[in-house]
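Asker: One structure, pasted below without further comment.
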Amino acid sequence: TAKGDGIRLAKDPQAVLHHVDGHPDPYPFVVQRYIERPFLLHGRKFDIRCWALLTPQRRIYLYNEGVLRTASAQYSATQFNDPLAHLTNHCIQKRGPQFGAFEEGNELWYADLERYLAAHHPRCDFRAHALPRVRAIVVHCLLAVFDSLVQAGAFVARACTASRSLGLISCWTRSSASGFSR
């Protein structure tokens, strides 16, 4: 959800079902499997944020640069109840005492990740191996929801412009120890 509100972590699938079934109002939920062995940056989780431009003609343009949003607490599989170690959302991270202690605003650019990989994982080439997978995920996701975006009026012509509006969309993905998630 926006600003990290409503994000819940659960170890037990029954707890997830109980939470969803017990919600009083009709409410959309997104449930995803937790990455059990995340790829870590200096022992901390991160996500990769990239920006895409989607046109009404289904053209997708992906910006060449992006950022990593980092956790401000060390990852621990046994400390599952610490959102600062498990969730990289800015609105959650900025509440923690270590926000900005490792990177300004808990953000790094792709070039920072490339330097880290060169020093710690020299066989991993982010731009050659991981980034194409991230981009493929973004393209598949945007094409999957394109019709819903049209129905929601995401491409309504604006009075102040001669062309149809474009949808600038921010996307993110997480990494696992064996590669990037799909």
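Naming scheme: A, B, ... for chains in displayed order of the structure tokens; residues 1 onward per chain; ligands 1 onward as shown.
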Select from stretch 129-156 of chain A every residue with an atom at most 9 Å from any atom of stretch 44-51 of chain A, then for each give the shortest pair of atoms and their distance in Å to one decimal, using only C-alpha atoms, rows by chain and rising number, as a Markdown table.
Answerer:
| residue | atom | partner | partner_atom | distance |
| --- | --- | --- | --- | --- |
| A:Val134 | CA | A:Ile48 | CA | 8.5 |
| A:Arg135 | CA | A:Cys50 | CA | 8.5 |
| A:Val138 | CA | A:Cys50 | CA | 8.7 |
Asker: Would you give me, as a PDB file with N, CA, C and O atoms, in the first residue's frame, the residues in chain A that DSSP reads as strand (DSSP E or B)?
Answerer:
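Dumped to part.pdb:
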ATOM      1  N   PRO A  38      17.421 -13.524   0.741  1.00  0.00           N
ATOM      2  CA  PRO A  38      17.603 -12.335  -0.090  1.00  0.00           C
ATOM      3  C   PRO A  38      19.081 -12.056  -0.365  1.00  0.00           C
ATOM      4  O   PRO A  38      19.953 -12.379   0.445  1.00  0.00           O
ATOM      5  N   LEU A  41      23.011  -6.304   0.641  1.00  0.00           N
ATOM      6  CA  LEU A  41      23.992  -5.257   0.370  1.00  0.00           C
ATOM      7  C   LEU A  41      24.543  -4.826   1.727  1.00  0.00           C
ATOM      8  O   LEU A  41      23.803  -4.250   2.526  1.00  0.00           O
ATOM      9  N   ARG A  44      22.318  -5.908   4.480  1.00  0.00           N
ATOM     10  CA  ARG A  44      20.982  -5.311   4.570  1.00  0.00           C
ATOM     11  C   ARG A  44      20.199  -5.562   3.294  1.00  0.00           C
ATOM     12  O   ARG A  44      20.761  -5.651   2.208  1.00  0.00           O
ATOM     13  N   PHE A  46      17.525  -4.684   0.232  1.00  0.00           N
ATOM     14  CA  PHE A  46      17.303  -3.531  -0.634  1.00  0.00           C
ATOM     15  C   PHE A  46      16.291  -3.915  -1.698  1.00  0.00           C
ATOM     16  O   PHE A  46      16.040  -5.087  -1.948  1.00  0.00           O
ATOM     17  N   ASP A  47      15.686  -2.924  -2.298  1.00  0.00           N
ATOM     18  CA  ASP A  47      14.893  -3.171  -3.499  1.00  0.00           C
ATOM     19  C   ASP A  47      15.418  -2.265  -4.595  1.00  0.00           C
ATOM     20  O   ASP A  47      16.177  -1.332  -4.339  1.00  0.00           O
ATOM     21  N   ILE A  48      15.048  -2.593  -5.804  1.00  0.00           N
ATOM     22  CA  ILE A  48      15.497  -1.849  -6.969  1.00  0.00           C
ATOM     23  C   ILE A  48      14.301  -1.102  -7.528  1.00  0.00           C
ATOM     24  O   ILE A  48      13.275  -1.709  -7.832  1.00  0.00           O
ATOM     25  N   ARG A  49      14.440   0.195  -7.636  1.00  0.00           N
ATOM     26  CA  ARG A  49      13.352   1.009  -8.172  1.00  0.00           C
ATOM     27  C   ARG A  49      13.776   1.540  -9.529  1.00  0.00           C
ATOM     28  O   ARG A  49      14.863   2.086  -9.687  1.00  0.00           O
ATOM     29  N   CYS A  50      12.911   1.342 -10.498  1.00  0.00           N
ATOM     30  CA  CYS A  50      13.161   1.883 -11.833  1.00  0.00           C
ATOM     31  C   CYS A  50      11.901   2.610 -12.287  1.00  0.00           C
ATOM     32  O   CYS A  50      10.840   2.437 -11.715  1.00  0.00           O
ATOM     33  N   TRP A  51      12.058   3.428 -13.305  1.00  0.00           N
ATOM     34  CA  TRP A  51      10.928   4.218 -13.783  1.00  0.00           C
ATOM     35  C   TRP A  51      10.621   3.840 -15.222  1.00  0.00           C
ATOM     36  O   TRP A  51      11.520   3.669 -16.051  1.00  0.00           O
ATOM     37  N   ALA A  52       9.343   3.721 -15.493  1.00  0.00           N
ATOM     38  CA  ALA A  52       8.888   3.342 -16.826  1.00  0.00           C
ATOM     39  C   ALA A  52       7.848   4.351 -17.301  1.00  0.00           C
ATOM     40  O   ALA A  52       7.077   4.890 -16.511  1.00  0.00           O
ATOM     41  N   LEU A  53       7.848   4.579 -18.589  1.00  0.00           N
ATOM     42  CA  LEU A  53       6.849   5.430 -19.215  1.00  0.00           C
ATOM     43  C   LEU A  53       6.015   4.545 -20.120  1.00  0.00           C
ATOM     44  O   LEU A  53       6.541   3.866 -21.005  1.00  0.00           O
ATOM     45  N   LEU A  54       4.716   4.522 -19.888  1.00  0.00           N
ATOM     46  CA  LEU A  54       3.783   3.685 -20.646  1.00  0.00           C
ATOM     47  C   LEU A  54       2.873   4.593 -21.451  1.00  0.00           C
ATOM     48  O   LEU A  54       2.252   5.501 -20.903  1.00  0.00           O
ATOM     49  N   ILE A  60       6.487   1.042 -24.083  1.00  0.00           N
ATOM     50  CA  ILE A  60       7.063   1.160 -22.743  1.00  0.00           C
ATOM     51  C   ILE A  60       8.499   1.641 -22.881  1.00  0.00           C
ATOM     52  O   ILE A  60       9.294   1.045 -23.607  1.00  0.00           O
ATOM     53  N   TYR A  61       8.800   2.721 -22.195  1.00  0.00           N
ATOM     54  CA  TYR A  61      10.147   3.272 -22.175  1.00  0.00           C
ATOM     55  C   TYR A  61      10.661   3.155 -20.747  1.00  0.00           C
ATOM     56  O   TYR A  61       9.991   3.587 -19.812  1.00  0.00           O
ATOM     57  N   LEU A  62      11.837   2.582 -20.596  1.00  0.00           N
ATOM     58  CA  LEU A  62      12.428   2.416 -19.277  1.00  0.00           C
ATOM     59  C   LEU A  62      13.629   3.349 -19.135  1.00  0.00           C
ATOM     60  O   LEU A  62      14.515   3.368 -19.988  1.00  0.00           O
ATOM     61  N   TYR A  63      13.628   4.101 -18.070  1.00  0.00           N
ATOM     62  CA  TYR A  63      14.730   5.016 -17.800  1.00  0.00           C
ATOM     63  C   TYR A  63      15.982   4.196 -17.518  1.00  0.00           C
ATOM     64  O   TYR A  63      15.924   3.141 -16.883  1.00  0.00           O
ATOM     65  N   ASN A  64      17.133   4.667 -17.994  1.00  0.00           N
ATOM     66  CA  ASN A  64      18.384   3.912 -17.860  1.00  0.00           C
ATOM     67  C   ASN A  64      18.888   3.812 -16.428  1.00  0.00           C
ATOM     68  O   ASN A  64      19.608   2.884 -16.102  1.00  0.00           O
ATOM     69  N   GLU A  65      18.577   4.769 -15.613  1.00  0.00           N
ATOM     70  CA  GLU A  65      19.060   4.763 -14.236  1.00  0.00           C
ATOM     71  C   GLU A  65      17.933   4.437 -13.274  1.00  0.00           C
ATOM     72  O   GLU A  65      16.763   4.498 -13.628  1.00  0.00           O
ATOM     73  N   GLY A  66      18.308   4.089 -12.090  1.00  0.00           N
ATOM     74  CA  GLY A  66      17.338   3.794 -11.054  1.00  0.00           C
ATOM     75  C   GLY A  66      18.017   3.846  -9.704  1.00  0.00           C
ATOM     76  O   GLY A  66      19.211   4.132  -9.615  1.00  0.00           O
ATOM     77  N   VAL A  67      17.261   3.567  -8.672  1.00  0.00           N
ATOM     78  CA  VAL A  67      17.810   3.619  -7.331  1.00  0.00           C
ATOM     79  C   VAL A  67      17.552   2.319  -6.583  1.00  0.00           C
ATOM     80  O   VAL A  67      16.664   1.550  -6.931  1.00  0.00           O
ATOM     81  N   LEU A  68      18.340   2.121  -5.573  1.00  0.00           N
ATOM     82  CA  LEU A  68      18.129   1.036  -4.624  1.00  0.00           C
ATOM     83  C   LEU A  68      17.665   1.690  -3.341  1.00  0.00           C
ATOM     84  O   LEU A  68      18.263   2.663  -2.880  1.00  0.00           O
ATOM     85  N   ARG A  69      16.598   1.177  -2.779  1.00  0.00           N
ATOM     86  CA  ARG A  69      16.155   1.647  -1.467  1.00  0.00           C
ATOM     87  C   ARG A  69      16.637   0.596  -0.466  1.00  0.00           C
ATOM     88  O   ARG A  69      16.350  -0.586  -0.619  1.00  0.00           O
ATOM     89  N   THR A  70      17.362   1.037   0.530  1.00  0.00           N
ATOM     90  CA  THR A  70      18.005   0.110   1.444  1.00  0.00           C
ATOM     91  C   THR A  70      17.332   0.093   2.816  1.00  0.00           C
ATOM     92  O   THR A  70      16.745   1.088   3.250  1.00  0.00           O
ATOM     93  N   GLU A 107      19.246   5.541   0.063  1.00  0.00           N
ATOM     94  CA  GLU A 107      19.195   5.305  -1.381  1.00  0.00           C
ATOM     95  C   GLU A 107      20.583   5.237  -1.981  1.00  0.00           C
ATOM     96  O   GLU A 107      21.493   5.965  -1.576  1.00  0.00           O
ATOM     97  N   LEU A 108      20.721   4.381  -2.965  1.00  0.00           N
ATOM     98  CA  LEU A 108      21.928   4.265  -3.774  1.00  0.00           C
ATOM     99  C   LEU A 108      21.519   4.237  -5.235  1.00  0.00           C
ATOM    100  O   LEU A 108      20.407   3.815  -5.566  1.00  0.00           O
ATOM    101  N   TRP A 109      22.418   4.669  -6.112  1.00  0.00           N
ATOM    102  CA  TRP A 109      22.168   4.600  -7.551  1.00  0.00           C
ATOM    103  C   TRP A 109      22.694   3.279  -8.098  1.00  0.00           C
ATOM    104  O   TRP A 109      23.454   2.577  -7.432  1.00  0.00           O
ATOM    105  N   GLY A 167       1.608   7.626 -18.894  1.00  0.00           N
ATOM    106  CA  GLY A 167       1.660   7.141 -17.522  1.00  0.00           C
ATOM    107  C   GLY A 167       3.089   6.905 -17.084  1.00  0.00           C
ATOM    108  O   GLY A 167       3.745   6.011 -17.587  1.00  0.00           O
ATOM    109  N   LEU A 168       3.594   7.734 -16.181  1.00  0.00           N
ATOM    110  CA  LEU A 168       4.910   7.505 -15.617  1.00  0.00           C
ATOM    111  C   LEU A 168       4.715   6.634 -14.393  1.00  0.00           C
ATOM    112  O   LEU A 168       4.001   7.006 -13.466  1.00  0.00           O
ATOM    113  N   ILE A 169       5.344   5.493 -14.406  1.00  0.00           N
ATOM    114  CA  ILE A 169       5.092   4.492 -13.381  1.00  0.00           C
ATOM    115  C   ILE A 169       6.401   4.133 -12.713  1.00  0.00           C
ATOM    116  O   ILE A 169       7.403   3.886 -13.359  1.00  0.00           O
ATOM    117  N   SER A 170       6.370   4.085 -11.410  1.00  0.00           N
ATOM    118  CA  SER A 170       7.541   3.671 -10.648  1.00  0.00           C
ATOM    119  C   SER A 170       7.360   2.203 -10.297  1.00  0.00           C
ATOM    120  O   SER A 170       6.327   1.800  -9.779  1.00  0.00           O
ATOM    121  N   CYS A 171       8.362   1.398 -10.590  1.00  0.00           N
ATOM    122  CA  CYS A 171       8.285  -0.041 -10.349  1.00  0.00           C
ATOM    123  C   CYS A 171       9.455  -0.458  -9.479  1.00  0.00           C
ATOM    124  O   CYS A 171      10.501   0.162  -9.490  1.00  0.00           O
ATOM    125  N   TRP A 172       9.279  -1.547  -8.756  1.00  0.00           N
ATOM    126  CA  TRP A 172      10.377  -2.053  -7.949  1.00  0.00           C
ATOM    127  C   TRP A 172      10.358  -3.557  -7.945  1.00  0.00           C
ATOM    128  O   TRP A 172       9.357  -4.200  -8.201  1.00  0.00           O
ATOM    129  N   THR A 173      11.496  -4.115  -7.658  1.00  0.00           N
ATOM    130  CA  THR A 173      11.620  -5.568  -7.519  1.00  0.00           C
ATOM    131  C   THR A 173      12.619  -5.838  -6.405  1.00  0.00           C
ATOM    132  O   THR A 173      13.389  -4.984  -6.012  1.00  0.00           O
ATOM    133  N   ARG A 174      12.591  -7.019  -5.904  1.00  0.00           N
ATOM    134  CA  ARG A 174      13.513  -7.429  -4.851  1.00  0.00           C
ATOM    135  C   ARG A 174      14.438  -8.503  -5.384  1.00  0.00           C
ATOM    136  O   ARG A 174      14.126  -9.190  -6.340  1.00  0.00           O
ATOM    137  N   SER A 175      15.565  -8.662  -4.732  1.00  0.00           N
ATOM    138  CA  SER A 175      16.533  -9.645  -5.179  1.00  0.00           C
ATOM    139  C   SER A 175      16.593 -10.816  -4.211  1.00  0.00           C
ATOM    140  O   SER A 175      16.369 -10.664  -3.025  1.00  0.00           O
ATOM    141  N   SER A 176      16.869 -11.989  -4.745  1.00  0.00           N
ATOM    142  CA  SER A 176      17.075 -13.166  -3.912  1.00  0.00           C
ATOM    143  C   SER A 176      18.522 -13.619  -4.098  1.00  0.00           C
ATOM    144  O   SER A 176      19.213 -13.183  -5.011  1.00  0.00           O
ATOM    145  N   GLY A 179      19.099 -14.968  -7.541  1.00  0.00           N
ATOM    146  CA  GLY A 179      18.778 -14.126  -8.675  1.00  0.00           C
ATOM    147  C   GLY A 179      17.691 -13.148  -8.319  1.00  0.00           C
ATOM    148  O   GLY A 179      17.352 -13.007  -7.153  1.00  0.00           O
ATOM    149  N   PHE A 180      17.148 -12.501  -9.302  1.00  0.00           N
ATOM    150  CA  PHE A 180      16.132 -11.498  -9.028  1.00  0.00           C
ATOM    151  C   PHE A 180      14.750 -12.110  -9.131  1.00  0.00           C
ATOM    152  O   PHE A 180      14.496 -12.964  -9.952  1.00  0.00           O
TER     153      PHE A 180
END
Asker: According to DSSP computed on the backbone, where in stretch 12-140 of chain A is there helix (DSSP H, G or I)? Give the residues as a ChimeraX atom specification.
Answerer: /A:13-21,83-86,90-93,104-106,110-120,126-140
Asker: For stretch 124-133 of chain A, work out the shell of residues within 7 Å, counting only C-alpha atoms and skipping chain neighbours fewer than 3 positions away, then give it as JSON, numbers by chain.
Answerer: {"A": [114, 117, 121, 136, 137, 180]}
Asker: Which residues of stretch 29-117 of chain A come within 8 Å of stretch 143-157 of chain A, and for each one, what is the closest pair of atoms and their distance in Å to one decimal, counting only C-alpha atoms, sorted by chain and residue number, as a Markdown table?
Answerer:
| residue | atom | partner | partner_atom | distance |
| --- | --- | --- | --- | --- |
| A:Thr55 | CA | A:Phe155 | CA | 7.9 |
| A:Pro56 | CA | A:Phe155 | CA | 6.2 |
| A:Arg58 | CA | A:Leu143 | CA | 7.4 |
